[in-house]
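The next block is structure-v6.txt, given as compact mmCIF, C-alpha atoms (C1' of nucleotides).
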```txt
# COMPACT_ATOMS: atom_id res chain seq x y z
CA MET A 4 1.32 93.38 21.17
CA LYS A 5 3.96 92.44 23.67
CA LEU A 6 6.22 95.22 24.91
CA GLU A 7 9.20 93.32 23.48
CA ASP A 8 7.70 93.67 20.01
CA VAL A 9 6.66 97.29 20.52
CA LEU A 10 10.18 98.35 21.55
CA LYS A 11 12.03 95.69 19.51
CA THR A 12 14.11 94.65 22.48
CA ASN A 13 14.00 92.31 25.43
CA LYS A 14 16.80 93.92 27.36
CA PHE A 15 14.81 94.69 30.48
CA ASN A 16 16.72 94.69 33.77
CA ASP A 17 13.78 93.14 35.63
CA GLU A 18 9.97 93.21 35.80
CA ILE A 19 10.03 96.62 37.53
CA HIS A 20 12.04 98.16 34.72
CA LYS A 21 9.72 96.54 32.20
CA ALA A 22 6.67 97.83 34.10
CA THR A 23 7.89 101.43 33.93
CA LEU A 24 8.27 101.19 30.15
CA ASN A 25 4.97 99.33 29.89
CA ILE A 26 3.12 102.13 31.72
CA LEU A 27 4.75 104.80 29.53
CA TYR A 28 3.82 102.88 26.39
CA THR A 29 0.26 102.03 27.49
CA SER A 30 -0.29 105.69 28.32
CA TYR A 31 0.94 106.66 24.86
CA TRP A 32 -1.28 103.99 23.27
CA MET A 33 -4.38 105.19 25.13
CA ARG A 34 -3.72 108.87 24.38
CA ASP A 35 -3.31 107.92 20.75
CA ASN A 36 -6.68 106.12 20.76
CA VAL A 37 -8.36 109.06 22.48
CA SER A 38 -6.76 111.58 20.13
CA SER A 39 -7.96 109.75 17.02
CA THR A 40 -11.47 109.62 18.46
CA MET A 41 -11.46 113.30 19.43
CA LYS A 42 -10.15 114.30 16.02
CA GLU A 43 -13.50 113.33 14.50
CA ILE A 44 -15.15 115.65 17.04
CA GLY A 45 -12.73 118.46 16.19
CA ILE A 46 -10.91 118.75 19.52
CA THR A 47 -7.65 117.48 21.02
CA SER A 48 -7.52 115.08 23.95
CA GLU A 49 -6.32 117.90 26.22
CA GLN A 50 -9.20 120.13 25.17
CA PHE A 51 -11.52 117.19 25.86
CA ASN A 52 -10.02 116.81 29.32
CA ILE A 53 -10.81 120.44 30.15
CA LEU A 54 -14.39 120.14 28.86
CA ARG A 55 -14.78 117.06 31.07
CA ILE A 56 -13.46 118.95 34.11
CA LEU A 57 -15.86 121.85 33.47
CA LYS A 58 -18.75 119.40 33.16
CA GLY A 59 -17.99 118.12 36.66
CA LYS A 60 -19.07 121.48 38.15
CA HIS A 61 -21.60 122.54 35.52
CA PRO A 62 -23.75 124.65 35.60
CA GLU A 63 -21.30 126.28 38.02
CA ALA A 64 -18.39 128.00 36.32
CA MET A 65 -14.75 127.41 37.29
CA CYS A 66 -11.69 129.62 37.51
CA VAL A 67 -8.49 128.73 35.66
CA LYS A 68 -6.65 127.66 38.79
CA ASP A 69 -9.37 125.16 39.75
CA ILE A 70 -9.31 123.65 36.28
CA ALA A 71 -5.52 123.40 36.44
CA SER A 72 -5.62 121.60 39.80
CA ARG A 73 -7.76 118.83 38.25
CA MET A 74 -5.59 118.24 35.16
CA ILE A 75 -3.79 114.91 34.77
CA GLU A 76 -0.67 116.70 33.51
CA LYS A 77 -0.08 119.12 36.33
CA SER A 78 2.08 121.50 34.33
CA SER A 79 -0.45 121.95 31.54
CA ASN A 80 -0.69 125.52 30.38
CA VAL A 81 -4.43 125.92 30.87
CA PRO A 82 -4.82 129.53 29.61
CA ARG A 83 -3.44 128.52 26.23
CA ILE A 84 -5.71 125.48 25.87
CA LEU A 85 -8.63 127.73 26.85
CA ASP A 86 -7.69 130.12 24.03
CA ARG A 87 -8.54 127.36 21.57
CA LEU A 88 -11.73 126.31 23.32
CA VAL A 89 -12.88 129.94 23.31
CA ALA A 90 -12.01 130.22 19.59
CA LYS A 91 -14.17 127.13 18.95
CA GLU A 92 -16.92 128.70 21.11
CA LEU A 93 -17.04 125.65 23.37
CA VAL A 94 -16.38 127.71 26.51
CA MET A 95 -16.86 131.34 27.59
CA ARG A 96 -14.24 133.41 29.37
CA THR A 97 -15.18 136.29 31.68
CA THR A 98 -13.50 138.14 34.52
CA SER A 99 -14.74 137.52 38.04
CA LYS A 100 -16.59 140.44 39.62
CA GLU A 101 -15.49 139.51 43.16
CA ASP A 102 -11.81 139.06 42.31
CA LYS A 103 -10.74 140.73 39.10
CA ARG A 104 -7.59 138.59 38.94
CA GLU A 105 -9.69 135.50 38.31
CA THR A 106 -10.84 134.39 34.88
CA ILE A 107 -14.11 132.50 35.02
CA ILE A 108 -14.74 129.77 32.48
CA SER A 109 -18.11 128.27 31.66
CA LEU A 110 -19.32 125.72 29.11
CA THR A 111 -21.43 127.00 26.22
CA ASP A 112 -24.38 124.97 24.92
CA THR A 113 -22.22 123.92 21.99
CA GLY A 114 -19.55 122.90 24.49
CA ILE A 115 -21.98 120.67 26.36
CA GLN A 116 -23.19 119.06 23.15
CA THR A 117 -19.66 118.54 21.91
CA LEU A 118 -18.67 116.95 25.21
CA GLN A 119 -21.65 114.61 25.03
CA ARG A 120 -20.63 113.46 21.56
CA ALA A 121 -17.01 113.11 22.73
CA ASN A 122 -18.01 111.01 25.74
CA ASP A 123 -20.14 108.71 23.60
CA ALA A 124 -17.39 108.28 21.03
CA LEU A 125 -14.86 107.56 23.77
CA ALA A 126 -17.07 104.97 25.46
CA ALA A 127 -17.47 103.21 22.11
CA ILE A 128 -13.74 103.15 21.34
CA ASN A 129 -12.85 102.05 24.88
CA LYS A 130 -15.28 99.18 24.63
CA GLN A 131 -13.50 98.02 21.48
CA THR A 132 -9.89 98.58 22.52
CA ILE A 133 -9.66 97.97 26.29
CA GLY A 134 -9.24 94.29 27.10
CA ILE A 135 -9.60 94.10 30.88
CA ASN A 136 -12.69 93.75 33.05
CA ASN A 137 -13.67 95.72 36.13
CA GLU A 138 -12.02 93.31 38.59
CA GLU A 139 -8.72 93.38 36.71
CA ALA A 140 -8.95 97.17 36.53
CA ALA A 141 -9.35 97.30 40.31
CA VAL A 142 -6.13 95.28 40.75
CA LEU A 143 -4.40 97.60 38.31
CA ASN A 144 -5.57 100.63 40.28
CA GLN A 145 -4.20 99.21 43.53
CA LEU A 146 -0.84 98.40 41.97
CA LEU A 147 -0.48 101.82 40.32
CA GLU A 148 -1.20 103.65 43.56
CA LYS A 149 1.24 101.42 45.41
CA LEU A 150 3.83 102.08 42.70
CA ARG A 151 3.67 105.88 43.23
CA LYS A 152 5.32 105.60 46.65
CA THR A 153 6.48 109.22 46.93
CA ASP A 154 3.43 110.83 45.34
CA MET B 29 -1.50 109.93 46.71
CA LYS B 30 -4.84 108.47 45.72
CA LEU B 31 -6.10 109.34 42.25
CA GLU B 32 -9.15 110.96 43.84
CA ASP B 33 -6.85 113.47 45.54
CA VAL B 34 -4.66 113.98 42.49
CA LEU B 35 -7.63 114.87 40.26
CA LYS B 36 -9.81 116.30 43.05
CA THR B 37 -12.79 114.19 42.03
CA ASN B 38 -14.25 110.77 42.61
CA LYS B 39 -16.60 110.81 39.68
CA PHE B 40 -15.26 107.69 38.00
CA ASN B 41 -17.74 105.64 35.98
CA ASP B 42 -16.15 102.37 37.10
CA GLU B 43 -12.76 100.80 37.85
CA ILE B 44 -11.93 100.63 34.15
CA HIS B 45 -12.48 104.36 33.69
CA LYS B 46 -10.42 104.99 36.81
CA ALA B 47 -7.66 102.70 35.53
CA THR B 48 -7.32 104.65 32.27
CA LEU B 49 -6.88 107.90 34.21
CA ASN B 50 -4.58 106.17 36.67
CA ILE B 51 -2.29 104.96 33.88
CA LEU B 52 -2.21 108.42 32.28
CA TYR B 53 -1.37 110.00 35.61
CA THR B 54 1.23 107.40 36.63
CA SER B 55 2.92 107.86 33.28
CA TYR B 56 3.01 111.62 33.84
CA TRP B 57 4.33 111.12 37.37
CA MET B 58 7.13 108.80 36.18
CA ARG B 59 8.11 111.06 33.29
CA ASP B 60 8.26 113.94 35.73
CA ASN B 61 10.58 111.98 38.03
CA VAL B 62 12.81 110.96 35.13
CA SER B 63 12.89 114.51 33.74
CA SER B 64 13.99 116.00 37.06
CA THR B 65 16.73 113.39 37.30
CA MET B 66 17.92 113.95 33.74
CA LYS B 67 17.93 117.72 34.22
CA GLU B 68 20.91 117.34 36.55
CA ILE B 69 22.67 115.43 33.76
CA GLY B 70 21.78 118.12 31.22
CA ILE B 71 19.49 116.11 28.95
CA THR B 72 15.72 115.60 28.54
CA SER B 73 13.99 112.28 29.13
CA GLU B 74 13.45 111.87 25.37
CA GLN B 75 17.14 112.49 24.67
CA PHE B 76 17.92 109.93 27.39
CA ASN B 77 15.61 107.44 25.70
CA ILE B 78 17.52 107.78 22.42
CA LEU B 79 20.90 107.39 24.13
CA ARG B 80 19.57 104.22 25.76
CA ILE B 81 18.39 102.86 22.41
CA LEU B 82 21.78 103.56 20.82
CA LYS B 83 23.51 101.79 23.74
CA GLY B 84 21.51 98.65 22.95
CA LYS B 85 23.41 98.22 19.66
CA HIS B 86 26.69 99.87 20.61
CA PRO B 87 29.42 99.76 19.28
CA GLU B 88 27.28 99.26 16.16
CA ALA B 89 25.74 102.48 14.83
CA MET B 90 22.03 102.83 14.01
CA CYS B 91 20.07 104.65 11.33
CA VAL B 92 17.31 107.10 12.23
CA LYS B 93 14.51 104.75 11.19
CA ASP B 94 15.77 101.96 13.48
CA ILE B 95 15.97 104.35 16.40
CA ALA B 96 12.44 105.59 15.65
CA SER B 97 11.04 102.04 15.59
CA ARG B 98 12.25 101.50 19.18
CA MET B 99 10.84 104.71 20.64
CA ILE B 100 8.05 104.50 23.21
CA GLU B 101 6.25 107.42 21.58
CA LYS B 102 5.97 106.17 18.04
CA SER B 103 5.45 109.58 16.48
CA SER B 104 8.53 111.14 18.03
CA ASN B 105 10.38 113.36 15.62
CA VAL B 106 13.74 111.66 15.92
CA PRO B 107 15.76 113.92 13.56
CA ARG B 108 14.94 116.94 15.73
CA ILE B 109 15.91 115.24 18.99
CA LEU B 110 19.13 114.12 17.31
CA ASP B 111 19.89 117.76 16.40
CA ARG B 112 20.15 118.49 20.12
CA LEU B 113 22.20 115.39 20.92
CA VAL B 114 24.63 116.32 18.13
CA ALA B 115 24.84 119.89 19.46
CA LYS B 116 25.75 118.45 22.89
CA GLU B 117 28.29 116.15 21.19
CA LEU B 118 26.70 113.05 22.72
CA VAL B 119 26.15 111.42 19.31
CA MET B 120 27.71 111.66 15.84
CA ARG B 121 25.75 111.95 12.59
CA THR B 122 27.13 110.69 9.27
CA THR B 123 25.65 109.62 5.97
CA SER B 124 25.68 105.93 5.10
CA LYS B 125 28.09 104.98 2.29
CA GLU B 126 25.89 102.07 1.13
CA ASP B 127 22.63 104.03 1.06
CA LYS B 128 23.08 107.76 0.94
CA ARG B 129 19.49 108.33 2.09
CA GLU B 130 20.34 106.90 5.48
CA THR B 131 21.75 108.94 8.34
CA ILE B 132 23.92 106.89 10.66
CA ILE B 133 24.03 107.77 14.33
CA SER B 134 26.68 106.63 16.79
CA LEU B 135 27.40 107.36 20.43
CA THR B 136 30.45 109.46 21.25
CA ASP B 137 32.63 108.66 24.28
CA THR B 138 30.99 111.58 26.06
CA GLY B 139 27.62 110.12 25.11
CA ILE B 140 28.49 106.77 26.66
CA GLN B 141 29.72 108.42 29.84
CA THR B 142 26.66 110.63 30.05
CA LEU B 143 24.38 107.64 29.58
CA GLN B 144 26.20 105.78 32.34
CA ARG B 145 25.66 108.67 34.74
CA ALA B 146 22.02 108.94 33.63
CA ASN B 147 21.40 105.24 34.20
CA ASP B 148 22.95 105.38 37.67
CA ALA B 149 20.91 108.44 38.62
CA LEU B 150 17.73 106.83 37.33
CA ALA B 151 18.34 103.58 39.22
CA ALA B 152 18.79 105.61 42.40
CA ILE B 153 15.63 107.67 41.95
CA ASN B 154 13.58 104.61 40.97
CA LYS B 155 14.72 102.82 44.11
CA GLN B 156 13.42 105.73 46.17
CA THR B 157 10.17 106.43 44.34
CA ILE B 158 8.84 103.12 43.00
CA GLY B 159 6.87 101.24 45.62
CA ILE B 160 6.22 97.83 44.07
CA ASN B 161 8.34 94.67 44.06
CA ASN B 162 9.25 92.44 41.14
CA GLU B 163 6.27 90.09 41.62
CA GLU B 164 3.80 92.98 41.67
CA ALA B 165 5.49 94.44 38.60
CA ALA B 166 5.01 91.13 36.79
CA VAL B 167 1.26 91.24 37.53
CA LEU B 168 1.18 94.84 36.32
CA ASN B 169 2.90 93.85 33.09
CA GLN B 170 0.38 91.09 32.42
CA LEU B 171 -2.57 93.38 33.06
CA LEU B 172 -1.21 96.18 30.87
CA GLU B 173 -0.62 93.85 27.95
CA LYS B 174 -4.10 92.39 28.37
CA LEU B 175 -5.51 95.93 28.49
CA ARG B 176 -4.06 96.81 25.08
CA LYS B 177 -6.42 94.46 23.29
CA THR B 178 -6.15 95.99 19.80
CA ASP B 179 -2.44 96.76 19.92
C1' DT C 15 17.29 102.11 -19.65
C1' DT C 16 14.27 105.44 -18.45
C1' DT C 17 10.88 106.63 -15.43
C1' DA C 18 7.43 105.88 -11.67
C1' DA C 19 7.02 104.42 -7.07
C1' DT C 20 9.03 103.87 -2.75
C1' DT C 21 11.99 104.92 1.04
C1' DA C 22 14.86 107.83 4.38
C1' DG C 23 15.23 111.78 6.36
C1' DA C 24 14.53 116.80 6.95
C1' DT C 25 11.49 120.61 7.62
C1' DG C 26 7.16 123.47 8.49
C1' DT C 27 3.03 124.23 11.43
C1' DA C 28 -0.32 123.60 15.12
C1' DC C 29 -0.66 122.08 19.59
C1' DG C 30 0.98 120.96 24.18
C1' DT C 31 4.44 120.81 28.24
C1' DA C 32 7.97 122.81 31.35
C1' DC C 33 9.51 126.65 33.22
C1' DA C 34 10.67 131.60 33.72
C1' DT C 35 8.98 136.07 33.86
C1' DA C 36 5.52 139.86 33.54
C1' DT C 37 1.13 142.23 34.87
C1' DA C 38 -2.80 143.17 37.49
C1' DT C 39 -5.13 142.65 41.64
C1' DT C 40 -5.74 141.52 46.33
C1' DT C 41 -4.13 140.66 50.99
C1' DG C 42 -1.65 141.39 55.08
C1' DC C 43 1.07 143.94 57.98
C1' DA C 44 3.84 147.96 59.77
C1' DT D 7 -3.45 154.15 55.30
C1' DG D 8 0.39 152.75 52.49
C1' DC D 9 3.25 149.42 50.75
C1' DA D 10 5.37 144.75 50.44
C1' DA D 11 4.10 140.10 49.64
C1' DA D 12 1.18 136.91 47.72
C1' DT D 13 -2.03 135.38 44.21
C1' DA D 14 -4.26 134.68 39.47
C1' DT D 15 -3.45 134.69 35.00
C1' DA D 16 -1.00 135.69 30.76
C1' DT D 17 2.97 135.41 27.90
C1' DG D 18 7.70 134.14 26.06
C1' DT D 19 10.99 130.37 24.94
C1' DA D 20 12.89 125.73 24.48
C1' DC D 21 11.56 121.23 23.69
C1' DG D 22 8.59 117.54 22.08
C1' DT D 23 4.50 115.34 19.45
C1' DA D 24 1.35 114.82 15.45
C1' DC D 25 1.03 115.26 10.95
C1' DA D 26 1.80 117.14 6.25
C1' DT D 27 5.01 118.11 2.78
C1' DC D 28 9.58 118.32 0.55
C1' DT D 29 14.03 116.52 -1.26
C1' DA D 30 17.31 113.14 -2.37
C1' DA D 31 18.34 108.52 -3.24
C1' DT D 32 17.09 103.89 -4.30
C1' DT D 33 14.19 100.29 -6.21
C1' DA D 34 11.06 98.36 -9.37
C1' DA D 35 8.64 98.07 -13.46
C1' DA D 36 7.50 99.23 -18.25
```
What's the structure tokens form of this structure?
Amino acid sequence: MKLEDVLKTNKFNDEIHKATLNILYTSYWMRDNVSSTMKEIGITSEQFNILRILKGKHPEAMCVKDIASRMIEKSSNVPRILDRLVAKELVMRTTSKEDKRETIISLTDTGIQTLQRANDALAAINKQTIGINNEEAAVLNQLLEKLRKTD
Amino acid sequence: MKLEDVLKTNKFNDEIHKATLNILYTSYWMRDNVSSTMKEIGITSEQFNILRILKGKHPEAMCVKDIASRMIEKSSNVPRILDRLVAKELVMRTTSKEDKRETIISLTDTGIQTLQRANDALAAINKQTIGINNEEAAVLNQLLEKLRKTD
DNA sequence: TTTAATTAGATGTACGTACATATATTTGCA
DNA sequence: TGCAAATATATGTACGTACATCTAATTAAA
């Protein structure tokens, strides 16, 4: 769908203005796709993101701060998302022996299995819904990183 | 900043996978810029979005459903955001005479002035922070709309 | 015309973000 | 050593999203 139809307007100042709205909407659209997919697995897209981050270091465990530094949304409240992952027994929470301030998080076996199912489901849905190829994606990546001038 | 540095990883499956994360992050980064700017004005970015939508029809008023259909985040809870705009006296809420189910929203003079200040502040911050030109933005727009295959 | 179905909006709950503050622990320095 | 500053995490609150449910009003159909 064209952005004009999505937002029921074509009052864009210029292509730059339109691009900002287009990025916000595409992000919403993708999160919505991911969320629907993760719902079948029984987790939220944010919980999925944390499982994915933990998998990157597995079988090493990670402390809360290191998880937080890898989040897309930098002001995510990681302890609270972890509460829910612990409740679902997808991760384990212990206190570090070396530094008792640190909380150490590790994936459980169930967590690993759940993540595997989530990754498979996501790959399938992305294949269906994402309409650009690898070369186009590379152009997109260059433009997005150029866009974030002050980042 | 490169996405690798933002997320402290370079474990991307391919450019498509990277592009999905890049869009999510760029959206976060833009919303963060807008939010900081709007904070000086005393509104949130979502409240700003609604003021902008109302301006599109002004001096005509709009009902809640029509505002909702123009939101970027389609599952926004518009009545609740309107509560806060009414409390700040930036919009007025009345019941439609023709259809008493409908709530009619109109901008107040203060609302119009606030929106004007918000738009000016946003234009200024965008000029500083957004690093692509109109031609690049046009390419971005084409790629994003191609990406959303099933939308 | 009387009622069932639909529509518009409001409201409740779980989850997440943004941000301020609190608590425990560790570090660094006088 | 002793204490102030810094660090890691948890927690409280306001705001927003996602989704279910409720109420009032309108429309449509028997």
Contact table region 8-35 of chain D vs region 21-26 of chain C, cut-off 10 Å, shortest pair per residue, only C-alpha atoms (C1' of nucleotides), as a tab-separated table:
```
residue	atom	partner	partner_atom	distance
D:DA26	C1'	C:DG26	C1'	8.6
D:DT27	C1'	C:DG26	C1'	8.1
D:DC28	C1'	C:DT25	C1'	7.7
D:DT29	C1'	C:DA24	C1'	8.2
D:DA30	C1'	C:DA22	C1'	8.9
D:DA31	C1'	C:DA22	C1'	8.4
D:DT32	C1'	C:DT21	C1'	7.5
D:DT33	C1'	C:DT21	C1'	8.9
```
For this session: Just the residues within 8 Å of Lys177 (chain B), please, counting only C-alpha atoms (C1' of nucleotides), with nothing from its chain fewer than 6 positions along; format it as a list in words.
Result: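 Residues meeting the cut-off are Thr132, Ile133 and Gly134 of chain A.
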Restrict the calculation to all atoms listed in the file, then for each residue of chain C with any atom at most 8 Å from an atom of chain A give the closest atom pair and their distance in Å to one decimal, rows by chain and rising residue number, as a Markdown table.
```
| residue | atom | partner | partner_atom | distance |
| --- | --- | --- | --- | --- |
| C:DG30 | C1' | A:Ser79 | CA | 7.6 |
| C:DT31 | C1' | A:Ser79 | CA | 6.0 |
| C:DA32 | C1' | A:Ser78 | CA | 6.7 |
| C:DA38 | C1' | A:Arg104 | CA | 6.8 |
| C:DT39 | C1' | A:Arg104 | CA | 5.5 |
| C:DT40 | C1' | A:Asp102 | CA | 7.7 |
```
For this session: Could you please tell me, as a list in words, which residues of chain D have an atom within 10 Å of chain A when using only C-alpha atoms (C1' of nucleotides)?
Result: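 Here they are: DT13, DA14, DT15, DA16, DT17 and DA24 of chain D.
Proximity of A:Val37, A:Ile108, A:Ile128, A:Ile75 to chain B, computed with only C-alpha atoms, is greatest for A:Ile75.
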